[in-house]
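Asks: For reference, the structure I am asking about is given below.
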Amino acid sequence: MCGIAGLVDRGGRSTDALDAALARMQAAVAHRGPDGSGRVRLDANGTRGVAYLAHQRLAIIDVSDAGRQPMATRDRADWITCNGEVYNHAALRAEASPAGTAWRSASDTEVVIEGLARHGTAWLERARGMFAFAWWNEPAARLVLARDRFGIKPLVWAQPAPDLLLFASTPQALAASGFLSLVPAGGGDAELLARGSLPADTSHWRGVSVVPAGHAVIWEGGAPRVERWAPESRWTSPVQERPVGEVGREVHAAMLDTVRAHFVSDVPVALFLSGGRDSVALLAAARALEDVPLRTFTVTMPGSSLDEGRQARMAAEYFGAEHTELAVDALDLDEALDGFFAAMAQPSVDGFNTFLVARAARRAGITVALSGVGGDELLGGYPSFTEVPRLRRALRLGGAPLRRVAPLLARWPAERVAKLAAIAAAAPDSVAAVWWEYRGLWSRPEAQAFTGGAMPQARPEGADLDGDPFIVIRACEWREFLVRQLLPDADAYTMCHALELRTPFVDHEFVRAVLAAGRWSRGSSPTYKQALFDTMPDVTVPVLRGEPKQGFVLPFASWLREAVSRSRPSHWADVARRLRVPKYQAQVDRFLAGRLHWSRLWALYVRERMGQ
C-alpha cells in the first residue's frame with residue numbers, strides 16, 4: 001500500500017523542470033508511504049518520450065530493500081510503480097517459476113510487473129487484490145494506468161497539454177506538479193447534495209480524470225484510450241429462493257477463504273472491531289482459521305451513548321483476541337476538520353468517522369487493518385432491502401392517489417413524510433428508481449434549487465436490471481453507494497494516516513461466490529444478512545444477543561447543533577461561518593428545531609467547503 005505519482009513528456013521539456021515537478025508530486029503523496037521512496041527517469045531512447053515514475057512506500061509485503069519501487073523486469077524493458085496488494089502473489093509466482101523466472105524479491109509487485117510484461121493487462125484477471133499502478137514499456141514508449149475491479153485503490157490523471165500526461169494517487173499530487181490547478185469543474189453540486197457524493201468515474205476537479213474501476217488508460221501518443229480489462233460482475237442470480245442454510249454454508253466457506261487471503265502480510269494485521277455484525281463475522285472467520293494471530297482494536301467514545309466499546313470488548317473476549325481500545329476524547333474538532341478536508345479527494349458527506357478511527361489506530365502503531373466494508377451492500381444488511389420493496393408495492397397499488405397528494409404532504413414538517421412525498425411525486429416505475437429516491441439526501445428538485453445547476457441524474461446504474469427486488473437493490477447499493485462513496489472515502493481517510501485498510505467483503509472471489517450462491521429468504525429475521533449470519537458458526541455471538549448494533553457512530557448532530565447555534569460556537573468556527581448565512585438560514589432553523597437531519601445540513605457545508 002503506497003502512494004504513486006509520475007508523468008510522461010513527449011514534448012522535449014526541460015529535464016530539470018520535469019525532475020522538480022516529479023519531486024513535488026512525490027512529496028504530495030509522501031503521507032501514503034513513509035517507509036521509503038524512489039523515483040526514476042526513463043527516456044525511451046530519447047526519441048518518443050520521457051517517463052518519470054515515483055513511489056512512496058508503506059512496506060507490507062517483503063519489507064526488505066528488494067521490494068522497493070519503481071520496479072523493473074530483469075531486462076529493464078518494463079517498469080512499474082504500484083499501490084496496493086495482490087494477495088495470491090505466492091500462487092502466481094509458483095505458476096510462473098517453471099517458465100524460468102528468476103525472482104529477485106518476495107514482493108507481490110515483482111509478480112505483477114512480470115505478469116504484465118508477458119501477458120499484458122489480460123493477466124490482471126488472475127490477480128486477487130486491490131491495486132492501482134502505472135506501467136511503462138520502454139521499447140514501445142507506452143504508458144498504462146490501471147485500477148482493480150472495484151476501484152478500491154485510487155488513480156487519477158490529467159493531460160494539461162497534448163504531449164504531457166500526469167498521474168497520481170491523489171488530485172492534490174497532480175496539482176503539485178505545477179502544470180494545473182485544482183479548480184472545481186462545476187456542475188456536480190446538485191449531484192453532491194442529492195446523493196452525498198459524485199459518480200465514481202467523475203472528477204470534482206477541472207482537467208482531472210479518474211481511471212475507472214476495472215479499466216486501463218493507455219497512452220502511446222495522441223489521445224489516451226480507455227479499455228476495460230475486468231469482466232463485468234454478473235448481478236443476476238437464480239430467481240428461485242434456496243434454503244438459507246445451504247446458502248449460508250457456501251457463503252461461510254467463501255468468507256473463510258477471503259479472510260485467509262487478506263491476512264497475507266509480512267507485518268501484523270489487526271481487525272477493526274465494533275459491535276456490528278460484519279466485523280464480528282470477520283473475527284469469527286479469522287478465529288476458525290486458527291493459524292492467524294487475532295489482534296482487534298476498537299475506537300471508543302467514553303461517556304457517549306453511541307459508544308460500542310463494551311460490545312466490541314465482549315466479542316473480542318469471546319474469540320480470545322488480543323484487544324486494544326483507543327479512546328477518542330479531548331477531540332480538537334477544528335484541527336480534525338482541517339485534516340479531514342485536506343485529505344478529501346472528492347466531495348463526500350461520509351468518512352469523518354473513518355478519518356478519526358484511522359488516526360487513532362495509526363497513532364497506536366497499527367499499519368494494516370481489516371474492515372467489514374461491503375458486507376451490508378452485498379449481503380442485504382440495510383433497511384433499503386426491505387423498505388424499498390414495500391414502498392414500491394404501495395406506489396403500484398395506490399400510486400395515482402399518492403401522487404395527487406404529494407404536494408400537500410411535502411408541506412408537512414416531518415422529514416420522513418417529505419421523503420415519501422418526493423418518492424411519490426417522482427412516479428417511480430422500477431425498484432431501482434424507488435431506491436434512488438429513498439437513498440437520497442436532498443430531493444433532486446431541492447438540490448437543483450440550491451445550486452441552480454442541472455438536475456441530478458434520475459436513475460442509478462441498477463436501473464439496467466430487472467426482476468427480484470433483492471438483486472436490483474444489491475446492485476444499486478454496491479455500485480451507487482459502496483463503489484461511488486464508501487471505497488473512495490475509506491482509502492482517502494485511512495491512507496492520509498498511512499494505514500492500509502483491507503476489505504475482505506470487497507474481494508472479487510468472495511463476490512463471485514456470493515452471487516453464485518443465489519437468493520435466500522430472510523424469514524423472520526430483520527435483515528437478509530442477519531438471516532444468513534444466523535446459519536454460520538459463531539457469527540452470532542451468544543454474549544451479544546440483544547445488544548444494539550450500530551458500529552462506530554459520531555455525535556454529529558450535537559456537534560453541528562453547537563456549531564450553528566446562535567450562541568458563540570465552541571468549535572467548528574468555519575462551519576458556523578459558512579452555514580450561518582441568509583441562503584441557509586431556513587435550513588439551519590429547521591435543523592435546530594429537530595425538523596432536518598444533520599446529514600442534509602452537513603452536505604451543504606461540504607458543498608461550500610469543496611467549492612472554495
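Each chain in the C-alpha cells gets a letter, A, B and so on, in the order shown; residues start at 1 in every chain, and ligands are counted from 1 in the order they appear.
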Just want the 9 Å neighbourhood of Thr451 in chain A, counted on only C-alpha atoms, with same-chain residues fewer than 4 positions away dropped. Output as a PyMOL selection string.

Replies: chain A and resi 187+189-190+193+446-447

Asks: Write the residues of the preceding selection, restricted to C-alpha atoms, as a PDB file, in the first residue's frame.

Replies:
ATOM      1  CA  GLY A 187     -21.953  21.060 -12.397  1.00  0.00           C
ATOM      2  CA  ASP A 189     -23.024  20.436  -6.721  1.00  0.00           C
ATOM      3  CA  ALA A 190     -26.584  19.234  -7.232  1.00  0.00           C
ATOM      4  CA  LEU A 193     -26.495  17.328  -2.393  1.00  0.00           C
ATOM      5  CA  GLU A 446     -34.267  20.740  -3.811  1.00  0.00           C
ATOM      6  CA  ALA A 447     -30.672  20.053  -4.870  1.00  0.00           C
TER       7      ALA A 447
END

Asks: Hey, what does DSSP flag as strand (DSSP E or B) within range 12-168 of chain A? Can you give it to me as a ChimeraX atom specification?

Replies: /A:34,36-42,50-57,71-72,78-86,129-137,142-147,156-161,164-168

Asks: Determine, counting only C-alpha atoms, which protein, DNA and RNA residues have an atom within 6 Å of an atom of range 346-352 of chain A; residues of the same chain fewer than 4 positions away are not included. Present the result as a PDB file with all heavy atoms, in the first residue's frame.

Replies:
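Writing the result to selection-v8.pdb gives the following:
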ATOM      1  N   GLY A 196     -24.894  12.745  -1.926  1.00  0.00           N
ATOM      2  CA  GLY A 196     -23.852  12.716  -0.900  1.00  0.00           C
ATOM      3  C   GLY A 196     -22.467  12.489  -1.454  1.00  0.00           C
ATOM      4  O   GLY A 196     -21.481  12.477  -0.717  1.00  0.00           O
ATOM      5  N   SER A 197     -22.355  12.307  -2.774  1.00  0.00           N
ATOM      6  CA  SER A 197     -21.066  12.089  -3.430  1.00  0.00           C
ATOM      7  C   SER A 197     -21.263  12.269  -4.918  1.00  0.00           C
ATOM      8  O   SER A 197     -22.389  12.453  -5.396  1.00  0.00           O
ATOM      9  CB  SER A 197     -20.519  10.688  -3.121  1.00  0.00           C
ATOM     10  OG  SER A 197     -21.414   9.703  -3.617  1.00  0.00           O
ATOM     11  N   ASP A 489     -13.818   7.004   0.054  1.00  0.00           N
ATOM     12  CA  ASP A 489     -13.646   7.584   1.387  1.00  0.00           C
ATOM     13  C   ASP A 489     -12.698   6.738   2.236  1.00  0.00           C
ATOM     14  O   ASP A 489     -11.831   7.269   2.945  1.00  0.00           O
ATOM     15  CB  ASP A 489     -14.995   7.691   2.094  1.00  0.00           C
ATOM     16  CG  ASP A 489     -15.877   8.787   1.525  1.00  0.00           C
ATOM     17  OD1 ASP A 489     -15.377   9.583   0.700  1.00  0.00           O
ATOM     18  OD2 ASP A 489     -17.058   8.842   1.887  1.00  0.00           O
ATOM     19  N   ALA A 603     -24.182  18.138   4.281  1.00  0.00           N
ATOM     20  CA  ALA A 603     -23.972  18.137   2.833  1.00  0.00           C
ATOM     21  C   ALA A 603     -23.827  19.557   2.307  1.00  0.00           C
ATOM     22  O   ALA A 603     -23.011  19.825   1.415  1.00  0.00           O
ATOM     23  CB  ALA A 603     -25.125  17.421   2.135  1.00  0.00           C
TER      24      ALA A 603
END

Asks: Would you list the contacts of Ala223 in chain A as an MDAnalysis selection string, taking every protein, DNA or RNA residue within 10 Å and counting only C-alpha atoms, but skipping same-chain residues closer than 4 positions in sequence?

Replies: chainID A and resid 159 162:163 218:219

Asks: Leaving out Glu227 in chain A and any residue of its chain fewer than 3 positions from it, which residues lie within 9 Å of it when counting only C-alpha atoms, given as an mmCIF file with N, CA and C atoms, in the first residue's frame?

Replies:
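In the end it all went to result_25.cif:
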data_model
loop_
_atom_site.group_PDB
_atom_site.id
_atom_site.type_symbol
_atom_site.label_atom_id
_atom_site.label_comp_id
_atom_site.auth_asym_id
_atom_site.auth_seq_id
_atom_site.Cartn_x
_atom_site.Cartn_y
_atom_site.Cartn_z
ATOM 1 N N GLY A 214 -11.623 -1.271 -12.809
ATOM 2 C CA GLY A 214 -11.591 -2.371 -13.759
ATOM 3 C C GLY A 214 -11.178 -1.970 -15.158
ATOM 4 N N HIS A 215 -10.592 -0.781 -15.312
ATOM 5 C CA HIS A 215 -10.188 -0.289 -16.625
ATOM 6 C C HIS A 215 -8.706 0.069 -16.647
ATOM 7 N N ALA A 216 -8.210 0.272 -17.851
ATOM 8 C CA ALA A 216 -6.853 0.760 -18.060
ATOM 9 C C ALA A 216 -6.899 1.952 -19.005
ATOM 10 N N VAL A 217 -6.087 2.946 -18.729
ATOM 11 C CA VAL A 217 -5.895 4.084 -19.619
ATOM 12 C C VAL A 217 -4.536 3.896 -20.282
ATOM 13 N N ILE A 218 -4.512 3.883 -21.611
ATOM 14 C CA ILE A 218 -3.295 3.575 -22.358
ATOM 15 C C ILE A 218 -2.913 4.785 -23.203
#

Asks: Considering only C-alpha atoms, state which residue in the set A:Met344, A:Ala122, A:Leu554, A:Cys476 is at the smallest distance from Val357 in chain A.

Replies: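 Closest residue, counting only C-alpha atoms: A:Leu554.
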
Asks: Name the residues in contact with Arg57 in chain A at a cut-off of 8 Å, using only C-alpha atoms, excluding same-chain residues fewer than 5 positions from it; report them as a list in words.

Replies: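 Counting only the stated atoms, we get Met1, Cys2, Gly3, Arg32, Gly33, Pro34, Asp35, Gly36, Ser37, Arg68 and Gln69 of chain A.
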
Asks: Write out, as a short mmCIF file (atom, residue, chain, number, x, y, z; two decimals), in the first residue's frame, the residues just selected, with all heavy atoms.

Replies:
data_model
loop_
_atom_site.label_atom_id
_atom_site.label_comp_id
_atom_site.auth_asym_id
_atom_site.auth_seq_id
_atom_site.Cartn_x
_atom_site.Cartn_y
_atom_site.Cartn_z
N MET A 1 0.86 -1.18 0.00
CA MET A 1 0.00 0.00 0.00
C MET A 1 0.89 1.22 0.00
O MET A 1 1.78 1.34 0.84
CB MET A 1 -0.88 0.01 1.22
CG MET A 1 -1.97 1.02 1.14
SD MET A 1 -3.19 0.62 -0.10
CE MET A 1 -3.87 -0.87 0.58
N CYS A 2 0.68 2.11 -0.96
CA CYS A 2 1.65 3.16 -1.15
C CYS A 2 1.01 4.37 -1.80
O CYS A 2 -0.21 4.44 -1.96
CB CYS A 2 2.80 2.65 -2.03
SG CYS A 2 3.51 1.09 -1.46
N GLY A 3 1.85 5.31 -2.18
CA GLY A 3 1.44 6.44 -2.99
C GLY A 3 2.27 6.45 -4.25
O GLY A 3 3.48 6.19 -4.22
N ARG A 32 1.25 8.79 2.25
CA ARG A 32 0.71 7.46 1.99
C ARG A 32 1.76 6.37 2.17
O ARG A 32 1.41 5.19 2.32
CB ARG A 32 0.15 7.38 0.56
CG ARG A 32 -1.01 8.31 0.31
CD ARG A 32 -1.47 8.23 -1.16
NE ARG A 32 -1.98 6.90 -1.47
CZ ARG A 32 -3.26 6.55 -1.42
NH1 ARG A 32 -4.17 7.43 -1.03
NH2 ARG A 32 -3.63 5.34 -1.75
N GLY A 33 3.02 6.73 2.13
CA GLY A 33 4.08 5.73 2.23
C GLY A 33 5.32 6.28 2.89
O GLY A 33 6.26 6.72 2.21
N PRO A 34 5.37 6.26 4.23
CA PRO A 34 6.50 6.86 4.94
C PRO A 34 7.71 5.94 5.08
O PRO A 34 8.72 6.34 5.65
CB PRO A 34 5.91 7.17 6.32
CG PRO A 34 4.88 6.10 6.52
CD PRO A 34 4.30 5.84 5.16
N ASP A 35 7.63 4.69 4.57
CA ASP A 35 8.69 3.71 4.81
C ASP A 35 9.79 3.71 3.76
O ASP A 35 10.76 2.94 3.88
CB ASP A 35 8.09 2.30 4.90
CG ASP A 35 7.13 2.15 6.07
OD1 ASP A 35 7.26 2.92 7.04
OD2 ASP A 35 6.25 1.28 5.99
N GLY A 36 9.67 4.50 2.74
CA GLY A 36 10.69 4.53 1.71
C GLY A 36 10.21 5.28 0.49
O GLY A 36 9.01 5.51 0.33
N SER A 37 11.14 5.65 -0.38
CA SER A 37 10.77 6.38 -1.58
C SER A 37 11.72 6.03 -2.70
O SER A 37 12.85 5.57 -2.48
CB SER A 37 10.78 7.89 -1.33
OG SER A 37 12.09 8.32 -0.99
N ARG A 68 11.58 -2.51 -3.01
CA ARG A 68 11.45 -1.08 -3.31
C ARG A 68 10.96 -0.86 -4.74
O ARG A 68 11.19 -1.67 -5.63
CB ARG A 68 12.80 -0.38 -3.12
CG ARG A 68 13.29 -0.36 -1.68
CD ARG A 68 14.59 0.41 -1.57
NE ARG A 68 14.42 1.81 -1.98
CZ ARG A 68 15.42 2.68 -2.07
NH1 ARG A 68 16.67 2.30 -1.79
NH2 ARG A 68 15.19 3.93 -2.43
N GLN A 69 10.31 0.27 -4.92
CA GLN A 69 9.81 0.67 -6.24
C GLN A 69 10.27 2.10 -6.54
O GLN A 69 10.67 2.82 -5.63
CB GLN A 69 8.28 0.61 -6.26
CG GLN A 69 7.68 -0.77 -6.06
CD GLN A 69 6.16 -0.73 -6.20
OE1 GLN A 69 5.63 -0.19 -7.17
NE2 GLN A 69 5.46 -1.29 -5.22
#

Asks: Which one of A:Gly186, A:Gly374, A:Gly6, A:Pro139 sits closest to Gln485 in chain A if you count only C-alpha atoms?

Replies: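 Of A:Gly186, A:Gly374, A:Gly6, A:Pro139, the one nearest Gln485 in chain A is A:Gly374, counting only C-alpha atoms.
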
Asks: Quick one: residues within 6 Å of range 165-167 of chain A, only C-alpha atoms, excluding same-chain residues fewer than 4 positions away - as an NGL selection string?

Replies: :A and (5-8 or 156-159)

Asks: Selected residues, C-alpha atoms, written as a PDB file, in the first residue's frame, please.

Replies:
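Now in out_16.pdb:
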ATOM      1  CA  ALA A   5       2.951   9.668  -8.995  1.00  0.00           C
ATOM      2  CA  GLY A   6       4.569  10.372 -12.318  1.00  0.00           C
ATOM      3  CA  LEU A   7       4.374  11.891 -15.746  1.00  0.00           C
ATOM      4  CA  VAL A   8       5.226  11.227 -19.362  1.00  0.00           C
ATOM      5  CA  VAL A 156      -6.269   9.935 -11.348  1.00  0.00           C
ATOM      6  CA  TRP A 157      -4.666  11.528 -14.369  1.00  0.00           C
ATOM      7  CA  ALA A 158      -4.556  14.747 -16.335  1.00  0.00           C
ATOM      8  CA  GLN A 159      -3.380  15.856 -19.764  1.00  0.00           C
TER       9      GLN A 159
END

Asks: Quick one: pull the distance between CA of Ala285 in chain A and CA of Thr324 in chain A, Å, one decimal.

Replies: 19.4 Å

Asks: Could you tell me, as number ranges by chain, which residues of range 94-214 of chain A DSSP assigns to alpha helix (DSSP H) when given the backbone?

Replies: A: 94-96, 108-119, 171-176, 189-195

Asks: Taking only C-alpha atoms into account, produce a table as JSON lines in which each residue of range 71-181 of chain A with an atom at most 12 Å from an atom of range 266-269 of chain A appears once, together with its shortest atom pair and the distance in Å to one decimal, ordered by chain and rising number.

Replies:
{"residue": "A:Glu85", "atom": "CA", "partner": "A:Asp266", "partner_atom": "CA", "distance": 11.8}
{"residue": "A:Tyr87", "atom": "CA", "partner": "A:Asp266", "partner_atom": "CA", "distance": 11.7}
{"residue": "A:Ala106", "atom": "CA", "partner": "A:Asp266", "partner_atom": "CA", "distance": 10.2}
{"residue": "A:Ser107", "atom": "CA", "partner": "A:Asp266", "partner_atom": "CA", "distance": 10.2}
{"residue": "A:Asp108", "atom": "CA", "partner": "A:Asp266", "partner_atom": "CA", "distance": 11.5}

Asks: Here is a test: counting only C-alpha atoms, which residue of A:Val564, A:Tyr493, A:Tyr52, A:Ala316 is nearest to Ala336 in chain A?

Replies: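 For Ala336 in chain A, the nearest of the given residues is A:Tyr493.
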
Asks: Could you jot down the CA of Glu114 in chain A to CA of Met130 in chain A separation for me, Å, one decimal place?

Replies: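 CA of Glu114 in chain A sits 17.4 Å away from CA of Met130 in chain A.
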
Asks: Expressed in Å to a single decimal, how great is the separation between CA of Phe340 in chain A and CA of Asp491 in chain A?

Replies: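 The value is 12.4 Å.
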